[in-house]
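**Student:** Dropping in my_file34.txt, with compact mmCIF, C-alpha atoms.
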```txt
# COMPACT_ATOMS: atom_id res chain seq x y z
CA MET A 39 12.66 -122.06 67.89
CA LYS A 40 9.89 -122.49 65.38
CA LYS A 41 8.12 -119.40 66.69
CA ARG A 42 11.32 -117.38 66.37
CA PHE A 43 11.82 -118.52 62.77
CA GLY A 44 8.24 -117.65 61.90
CA LEU A 45 8.61 -114.20 63.39
CA ILE A 46 11.75 -113.58 61.31
CA CYS A 47 9.96 -114.69 58.14
CA VAL A 48 6.99 -112.44 58.80
CA THR A 49 9.28 -109.51 59.53
CA SER A 50 11.27 -110.11 56.32
CA VAL A 51 8.13 -110.32 54.19
CA ALA A 52 6.79 -107.11 55.70
CA ALA A 53 10.06 -105.27 55.07
CA LEU A 54 10.23 -106.59 51.51
CA SER A 55 6.68 -105.47 50.79
CA ILE A 56 7.41 -102.03 52.18
CA MET A 57 10.51 -101.73 49.95
CA LEU A 58 8.61 -102.89 46.89
CA SER A 59 5.80 -100.44 47.52
CA ALA A 60 8.30 -97.61 47.97
CA CYS A 61 10.07 -98.47 44.72
CA GLY A 62 6.77 -98.74 42.89
CA SER A 63 5.61 -95.38 44.20
CA SER A 64 8.90 -93.75 43.24
CA LYS A 65 8.70 -95.21 39.73
CA GLY A 66 5.10 -94.09 39.40
CA ASP A 67 6.04 -90.59 40.51
CA SER A 68 8.91 -90.40 38.05
CA PHE A 69 6.70 -91.54 35.13
CA ALA A 70 4.02 -89.10 36.08
CA THR A 71 6.61 -86.37 36.18
CA SER A 72 8.10 -87.28 32.80
CA ALA A 73 4.73 -87.82 31.14
CA SER A 74 3.14 -84.67 32.49
CA TYR A 75 4.64 -82.70 29.59
CA ALA A 76 3.08 -84.95 26.94
CA PRO A 77 -0.45 -84.11 25.74
CA GLN A 78 -3.28 -86.55 26.44
CA GLU A 79 -3.83 -87.34 22.76
CA ASP A 80 -0.32 -88.91 22.60
CA TYR A 81 -1.54 -91.97 24.55
CA ASP A 82 -3.50 -94.84 23.12
CA THR A 83 -6.59 -96.43 24.67
CA ASN A 84 -4.38 -98.59 26.89
CA GLY A 85 -2.56 -95.60 28.33
CA VAL A 86 0.66 -96.32 26.42
CA TYR A 87 2.62 -93.35 25.07
CA ASP A 88 2.73 -93.46 21.26
CA PHE A 89 5.97 -91.93 20.05
CA GLU A 90 4.97 -91.91 16.35
CA THR A 91 1.71 -90.09 17.11
CA ALA A 92 3.54 -87.56 19.26
CA GLU A 93 6.10 -86.84 16.57
CA PHE A 94 3.39 -86.50 13.93
CA ALA A 95 1.44 -84.13 16.14
CA GLU A 96 4.56 -82.06 16.71
CA GLU A 97 5.23 -81.88 12.95
CA ALA A 98 1.61 -80.95 12.31
CA LYS A 99 1.82 -78.25 14.95
CA MET A 100 4.99 -76.85 13.37
CA ALA A 101 3.31 -76.95 9.94
CA ASP A 102 0.30 -75.09 11.32
CA ASN A 103 2.56 -72.44 12.83
CA SER A 104 4.43 -72.02 9.56
CA PHE A 105 1.10 -71.77 7.70
CA ASP A 106 -0.12 -69.09 10.10
CA GLN A 107 3.10 -67.16 9.57
CA ALA A 108 2.70 -67.50 5.80
CA GLU A 109 -0.81 -66.13 6.07
CA GLN A 110 0.49 -63.15 7.99
CA VAL A 111 2.97 -62.38 5.19
CA VAL A 112 0.29 -61.23 2.76
CA ASP A 113 1.08 -59.72 -0.61
CA THR A 114 0.65 -56.01 0.10
CA SER A 115 1.12 -54.90 -3.52
CA ARG A 116 -1.68 -52.61 -4.62
CA LYS A 117 -3.24 -52.42 -8.05
CA LEU A 118 -2.59 -48.77 -8.97
CA ILE A 119 -3.35 -46.98 -12.23
CA THR A 120 -1.18 -43.87 -12.64
CA THR A 121 -2.04 -41.06 -15.06
CA MET A 122 0.20 -37.99 -15.47
CA ASN A 123 -0.30 -34.69 -17.32
CA ILE A 124 2.85 -32.70 -18.19
CA SER A 125 3.20 -29.36 -19.99
CA THR A 126 6.72 -28.36 -20.97
CA GLU A 127 8.64 -25.85 -23.10
CA THR A 128 11.61 -26.27 -25.40
CA GLU A 129 13.67 -24.18 -27.80
CA ASP A 130 14.01 -27.02 -30.31
CA LEU A 131 10.83 -29.06 -30.78
CA ASP A 132 12.32 -31.56 -33.25
CA LEU A 133 15.22 -32.38 -30.94
CA VAL A 134 12.94 -32.94 -27.92
CA LEU A 135 10.49 -35.07 -29.90
CA SER A 136 13.29 -37.32 -31.08
CA GLY A 137 14.70 -37.57 -27.55
CA VAL A 138 11.31 -38.38 -26.01
CA GLN A 139 10.58 -41.12 -28.53
CA ASN A 140 14.01 -42.70 -28.04
CA LYS A 141 13.71 -42.55 -24.24
CA VAL A 142 10.24 -44.11 -24.22
CA LYS A 143 11.49 -46.93 -26.44
CA GLU A 144 14.54 -47.40 -24.20
CA LEU A 145 12.35 -47.75 -21.10
CA GLY A 146 10.18 -50.37 -22.77
CA GLY A 147 7.15 -48.14 -23.45
CA TYR A 148 5.48 -46.93 -26.60
CA VAL A 149 3.82 -43.86 -28.12
CA GLU A 150 0.06 -44.37 -28.13
CA SER A 151 -0.82 -41.22 -30.11
CA SER A 152 0.93 -38.15 -31.48
CA ASN A 153 -0.29 -34.78 -32.79
CA ILE A 154 2.24 -32.21 -34.06
CA TYR A 155 1.32 -28.61 -34.94
CA ASN A 156 3.88 -26.77 -37.09
CA GLY A 157 2.66 -23.27 -36.22
CA SER A 158 1.42 -20.44 -38.45
CA SER A 159 1.62 -16.71 -39.04
CA TYR A 160 -1.64 -14.91 -39.77
CA SER A 161 -2.40 -11.19 -39.59
CA GLY A 162 0.89 -10.49 -37.90
CA ARG A 163 0.24 -13.11 -35.19
CA VAL A 164 2.78 -15.90 -34.93
CA SER A 165 1.63 -19.23 -33.45
CA ASN A 166 4.39 -21.38 -31.97
CA ARG A 167 4.98 -24.97 -32.93
CA SER A 168 3.72 -27.56 -30.48
CA ALA A 169 3.14 -31.29 -30.02
CA SER A 170 0.71 -33.40 -27.97
CA LEU A 171 1.73 -36.96 -27.15
CA SER A 172 0.05 -39.83 -25.34
CA LEU A 173 2.74 -42.11 -23.92
CA ARG A 174 2.58 -45.51 -22.20
CA ILE A 175 5.54 -46.02 -19.89
CA PRO A 176 6.26 -48.91 -17.46
CA ALA A 177 5.01 -47.85 -14.03
CA ASP A 178 8.29 -48.69 -12.29
CA LYS A 179 10.24 -46.45 -14.73
CA LEU A 180 7.91 -43.43 -14.74
CA ASP A 181 10.07 -41.39 -12.36
CA GLN A 182 13.13 -42.02 -14.52
CA PHE A 183 11.30 -40.66 -17.57
CA VAL A 184 10.16 -37.53 -15.72
CA VAL A 185 13.71 -36.82 -14.52
CA THR A 186 15.04 -37.13 -18.08
CA LEU A 187 12.30 -34.84 -19.40
CA ASP A 188 12.98 -32.25 -16.70
CA GLU A 189 16.68 -32.19 -17.59
CA GLY A 190 16.03 -31.51 -21.29
CA THR A 191 13.04 -29.14 -21.16
CA ASN A 192 11.33 -26.57 -18.94
CA ILE A 193 8.35 -28.22 -17.22
CA THR A 194 5.67 -25.59 -16.54
CA ASN A 195 2.91 -27.86 -15.24
CA LYS A 196 2.74 -31.41 -13.90
CA SER A 197 -0.15 -33.28 -12.29
CA THR A 198 -0.48 -36.92 -11.23
CA ASN A 199 -3.58 -39.01 -10.61
CA VAL A 200 -3.34 -42.46 -8.94
CA GLU A 201 -6.40 -44.73 -8.94
CA ASP A 202 -6.46 -47.73 -6.58
CA VAL A 203 -8.37 -50.60 -8.26
CA THR A 204 -7.27 -53.34 -5.87
CA LEU A 205 -10.78 -54.13 -4.61
CA SER A 206 -12.28 -54.23 -8.10
CA TYR A 207 -9.41 -56.39 -9.34
CA VAL A 208 -9.78 -58.88 -6.48
CA ASP A 209 -13.55 -59.01 -6.97
CA ILE A 210 -13.16 -59.77 -10.68
CA GLU A 211 -10.60 -62.47 -9.94
CA SER A 212 -12.98 -64.07 -7.42
CA ARG A 213 -15.74 -64.12 -10.02
CA LYS A 214 -13.35 -65.69 -12.49
CA LYS A 215 -12.45 -68.49 -10.04
CA ALA A 216 -16.12 -69.16 -9.32
CA LEU A 217 -16.93 -69.37 -13.02
CA LYS A 218 -13.94 -71.65 -13.62
CA ALA A 219 -15.20 -73.99 -10.90
CA GLU A 220 -18.70 -73.93 -12.38
CA GLU A 221 -17.28 -74.67 -15.83
CA ALA A 222 -15.46 -77.73 -14.46
CA ARG A 223 -18.64 -79.01 -12.78
CA LEU A 224 -20.67 -78.50 -15.95
CA LEU A 225 -18.11 -80.46 -17.97
CA GLU A 226 -18.42 -83.32 -15.49
CA ILE A 227 -22.21 -83.18 -15.75
CA VAL A 228 -22.07 -83.29 -19.54
CA GLU A 229 -20.01 -86.47 -19.43
CA SER A 230 -22.45 -88.16 -17.06
CA ALA A 231 -25.68 -86.84 -18.65
CA GLU A 232 -28.01 -89.52 -19.97
CA THR A 233 -30.67 -87.60 -21.90
CA VAL A 234 -30.33 -85.21 -24.79
CA GLU A 235 -32.37 -82.55 -22.97
CA ASP A 236 -29.99 -82.58 -20.03
CA ILE A 237 -27.01 -82.27 -22.36
CA ILE A 238 -28.59 -79.31 -24.19
CA LYS A 239 -29.40 -77.48 -20.95
CA VAL A 240 -25.93 -78.03 -19.54
CA GLU A 241 -24.26 -76.90 -22.78
CA GLU A 242 -26.39 -73.74 -22.84
CA ARG A 243 -25.29 -72.89 -19.33
CA LEU A 244 -21.71 -73.80 -20.24
CA SER A 245 -21.82 -71.33 -23.15
CA GLU A 246 -23.04 -68.58 -20.83
CA VAL A 247 -20.30 -69.33 -18.32
CA ARG A 248 -17.61 -69.25 -20.99
CA TYR A 249 -18.94 -65.98 -22.38
CA GLN A 250 -18.78 -64.44 -18.91
CA LEU A 251 -15.25 -65.82 -18.48
CA GLU A 252 -14.11 -64.17 -21.72
CA SER A 253 -15.58 -60.84 -20.61
CA ILE A 254 -13.91 -61.08 -17.20
CA GLU A 255 -10.55 -62.04 -18.70
CA SER A 256 -10.81 -59.04 -21.04
CA GLN A 257 -11.41 -56.75 -18.06
CA LEU A 258 -8.43 -58.24 -16.24
CA ARG A 259 -6.19 -57.77 -19.29
CA THR A 260 -7.29 -54.14 -19.53
CA TYR A 261 -6.55 -53.62 -15.84
CA ASP A 262 -3.16 -55.32 -16.17
CA ASN A 263 -2.21 -53.09 -19.10
CA LYS A 264 -3.21 -49.91 -17.27
CA ILE A 265 -1.47 -51.03 -14.08
CA THR A 266 1.74 -52.15 -15.78
CA PHE A 267 1.99 -49.14 -18.11
CA SER A 268 1.34 -45.65 -16.74
CA THR A 269 -0.23 -43.10 -19.10
CA VAL A 270 1.52 -39.76 -19.68
CA TYR A 271 -0.19 -36.94 -21.58
CA LEU A 272 2.68 -34.72 -22.72
CA ASP A 273 2.23 -31.23 -24.24
CA ILE A 274 5.41 -29.66 -25.70
CA THR A 275 5.54 -26.01 -26.86
CA GLU A 276 8.43 -24.50 -28.81
CA VAL A 277 9.36 -21.05 -27.46
CA THR A 278 12.13 -18.53 -27.97
CA GLN A 279 12.48 -17.97 -24.24
CA TYR A 280 11.55 -20.16 -21.28
CA THR A 281 8.82 -19.07 -18.89
CA PRO A 282 10.47 -18.13 -15.57
CA THR A 283 9.70 -20.52 -12.75
CA GLU A 284 10.56 -18.11 -9.91
CA GLN A 285 10.28 -14.38 -9.15
CA LYS A 286 13.35 -12.40 -10.19
CA GLY A 287 14.94 -9.33 -8.63
CA VAL A 288 14.22 -5.72 -9.66
CA ILE A 289 17.49 -5.15 -11.54
CA GLU A 290 17.21 -8.49 -13.30
CA ARG A 291 13.61 -7.75 -14.27
CA ILE A 292 14.56 -4.27 -15.64
CA ALA A 293 17.42 -5.69 -17.66
CA GLU A 294 15.28 -8.51 -18.97
CA GLY A 295 12.44 -6.10 -19.81
CA PHE A 296 14.81 -3.77 -21.69
CA VAL A 297 16.21 -6.67 -23.69
CA ASN A 298 12.73 -7.91 -24.45
CA SER A 299 11.70 -4.40 -25.63
CA CYS A 300 14.71 -4.23 -27.97
CA LYS A 301 13.82 -7.65 -29.27
CA SER A 302 10.22 -6.54 -29.82
CA VAL A 303 11.35 -3.44 -31.79
CA TRP A 304 13.73 -5.53 -33.87
CA ASN A 305 11.03 -8.14 -34.49
CA ALA A 306 8.65 -5.32 -35.57
CA ILE A 307 11.24 -3.98 -38.03
CA VAL A 308 11.85 -7.45 -39.39
CA GLU A 309 8.12 -8.11 -39.71
CA PHE A 310 7.62 -4.78 -41.51
CA PHE A 311 10.46 -5.53 -43.91
CA VAL A 312 9.04 -8.97 -44.59
CA TRP A 313 5.58 -7.50 -45.07
CA PHE A 314 6.97 -4.80 -47.42
CA VAL A 315 8.87 -7.27 -49.58
CA ILE A 316 5.89 -9.60 -49.75
CA HIS A 317 3.54 -6.77 -50.82
CA ILE A 318 5.84 -5.01 -53.32
CA PRO A 319 3.65 -5.99 -56.30
CA GLN A 320 0.55 -4.57 -54.65
CA ILE A 321 2.45 -1.40 -53.70
CA ILE A 322 3.67 -0.90 -57.27
CA VAL A 323 0.20 -1.39 -58.71
CA PHE A 324 -1.26 0.96 -56.13
CA GLY A 325 1.42 3.60 -56.94
CA LEU A 326 0.71 3.37 -60.65
CA VAL A 327 -3.01 3.79 -60.12
CA VAL A 328 -2.47 6.81 -57.90
CA THR A 329 -0.04 8.35 -60.43
CA VAL A 330 -2.49 7.90 -63.30
CA ILE A 331 -5.29 9.45 -61.29
CA ILE A 332 -3.13 12.48 -60.41
CA LEU A 333 -2.09 12.97 -64.03
CA LEU A 334 -5.70 12.81 -65.21
CA ILE A 335 -6.74 15.39 -62.67
CA LYS A 336 -3.96 17.76 -63.71
CA LYS A 337 -4.81 17.32 -67.38
CA ILE A 338 -8.48 18.09 -66.78
CA LYS A 339 -7.62 21.24 -64.83
CA HIS A 340 -5.25 22.37 -67.58
CA LYS A 341 -7.98 22.08 -70.22
CA LYS A 342 -10.47 24.06 -68.19
CA SER A 343 -8.17 26.98 -67.29
CA PRO A 344 -8.26 28.96 -70.78
CA LYS A 345 -12.05 28.91 -70.97
CA THR A 346 -12.82 30.18 -67.56
CA GLY A 347 -9.90 32.42 -66.85
CA THR A 348 -8.31 35.57 -68.71
CA THR A 349 -4.70 36.01 -69.67
CA PRO A 350 -2.60 39.16 -68.85
CA ASP A 351 -2.37 40.28 -72.60
CA ASN A 352 -6.14 40.36 -72.88
CA ASN A 353 -6.36 42.55 -69.82
CA LYS A 354 -3.94 45.08 -71.35
CA ASN A 355 -5.83 45.22 -74.66
CA GLN A 356 -9.06 45.85 -72.83
CA GLN A 357 -7.49 48.74 -70.92
CA ASN A 358 -6.08 50.42 -74.12
CA SER A 359 -9.38 50.19 -75.93
CA SER A 360 -11.15 51.85 -73.06
CA LYS A 361 -8.83 54.81 -73.23
```
Translate this file's structure into structure tokens.
**Tutor:**
Amino acid sequence: MKKRFGLICVTSVAALSIMLSACGSSKGDSFATSASYAPQEDYDTNGVYDFETAEFAEEAKMADNSFDQAEQVVDTSRKLITTMNISTETEDLDLVLSGVQNKVKELGGYVESSNIYNGSSYSGRVSNRSASLSLRIPADKLDQFVVTLDEGTNITNKSTNVEDVTLSYVDIESRKKALKAEEARLLEIVESAETVEDIIKVEERLSEVRYQLESIESQLRTYDNKITFSTVYLDITEVTQYTPTEQKGVIERIAEGFVNSCKSVWNAIVEFFVWFVIHIPQIIVFGLVVTVIILLIKKIKHKKSPKTGTTPDNNKNQQNSSK
């Protein structure tokens, strides 16, 4: 009886140990499976999973990813200096000048320089009126200004030059940052300096750094002005007829040539009339001088004719005496 009871107890203990080991192995497998996705750094030295560390690491990882994406979105704007040369014609110079000045002011620009030539007439040659302007126009509104100018005048020549100064601009900005950092360090050194010699040396270097900073800031301001405002050199000529921009047909060229010839003849007549009216005093004086000279010549000839020549009555008397 006692042997049978002992056998039952041993069997029960063995079965219980087998069940416990199976449950433990299953729990260990499930933990290993669930924890296999967590990185090793999320566990402490005792092998316990630290939820706060894991969350912080996840946030840091997301922040790093967002920072990398921000780095990829780099400012691609270039530092460009645009210069344009335009030659144009108009039939009314005063009207175009007024329109150009108003348009430049409307766009937020300004006239940097202006030179107006009112024309002249010398030795029968007529020089047309013209104007040369140097304009500063906001770079983002340059196309709008050119379109307006093209609508009101006849553009005969247009050239554009774009200079990329991005590398130079970035280099100057880097130098400025380095000098700013050096200036801050020198100010700290001045506060902690103990001897007068050290203070003098640091202040000398600080003066040099500030001088270089002023020069660099001046260069950056010059660059900013040239980048923000494009330069337009505009030449305007007043003409009676626009220069054709395309080749015309034969009939149209003949008709235009005939009209131009008639205009040339009429202009010559008008110029001659103007010249004649202007020189009437000289013509009158010249006519009087010529008239006086002619009268003097006739008078001199009249005085000489009785002495040198013979009259018809004398010839008859000579013939009768001979008989």
**Student:** Counting all atoms listed in the file, which residues come within 12 Å of (9.8, -34.9, -35.5), with the point read in the file's coordinates, and could you list them as a VMD selection string?
**Tutor:** chain A and resid 130 to 140 152 to 156 167 to 171 274
**Student:** Taking 5 positions as the minimum chain separation for residues in the same chain, which residues sit within 12 Å of Asp209 of chain A when counting all atoms listed in the file? Answer as a list in words.
**Tutor:**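 Close residues of Asp209 of chain A: Val203, Thr204, Lys214, Lys215, Ala216, Ile254, Gln257 and Leu258 of chain A.
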**Student:** Nearest to Ile265 of chain A among A:Glu201, A:Leu333, A:Glu127, A:Leu145, with distances taken over all atoms listed in the file: which residue is it?
**Tutor:** A:Glu201
**Student:** One decimal, Å: what's the distance from atom CA of Thr269 of chain A over to atom CA of Thr281 of chain A, could you say?
**Tutor:** 25.7 Å
**Student:** Give the answer as one residue: which of A:Asp181, A:Glu290, A:Glu144, A:Glu252 has the shortest atom-to-atom distance to Arg213 of chain A, using only C-alpha atoms?
**Tutor:**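 Using only C-alpha atoms, the shortest distance to Arg213 of chain A belongs to A:Glu252.
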**Student:** One number please: atom CA of Gly146 of chain A to atom CA of Asn263 of chain A, in Å, one decimal.
**Tutor:**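 About the pair atom CA of Gly146 of chain A and atom CA of Asn263 of chain A: they are 13.2 Å apart.
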**Student:** Quick one, how far is atom CA of Trp304 of chain A from atom CA of Thr128 of chain A?
**Tutor:**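 Atom CA of Thr128 of chain A lies 22.5 Å from atom CA of Trp304 of chain A.
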**Student:** Go through A:Glu241, A:Asp273, A:Glu255, A:Glu150 one by one, measure the shortest atom-to-atom distance of each to Glu211 of chain A using all atoms listed in the file, and give the residue with the smallest value.
**Tutor:** A:Glu255
**Student:** Just checking: using only C-alpha atoms, which residue out of A:Phe314, A:Tyr271, A:Thr278, A:Met122 ends up closest to Asn298 of chain A?
**Tutor:**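 Smallest separation from Asn298 of chain A among the options: A:Thr278.
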**Student:** Taking all atoms listed in the file into account, name the residue in A:Arg248, A:Lys239, A:Lys264, A:Arg291 that is nearest to Leu118 of chain A.
**Tutor:**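 Among the listed residues, the smallest separation from Leu118 of chain A belongs to A:Lys264.
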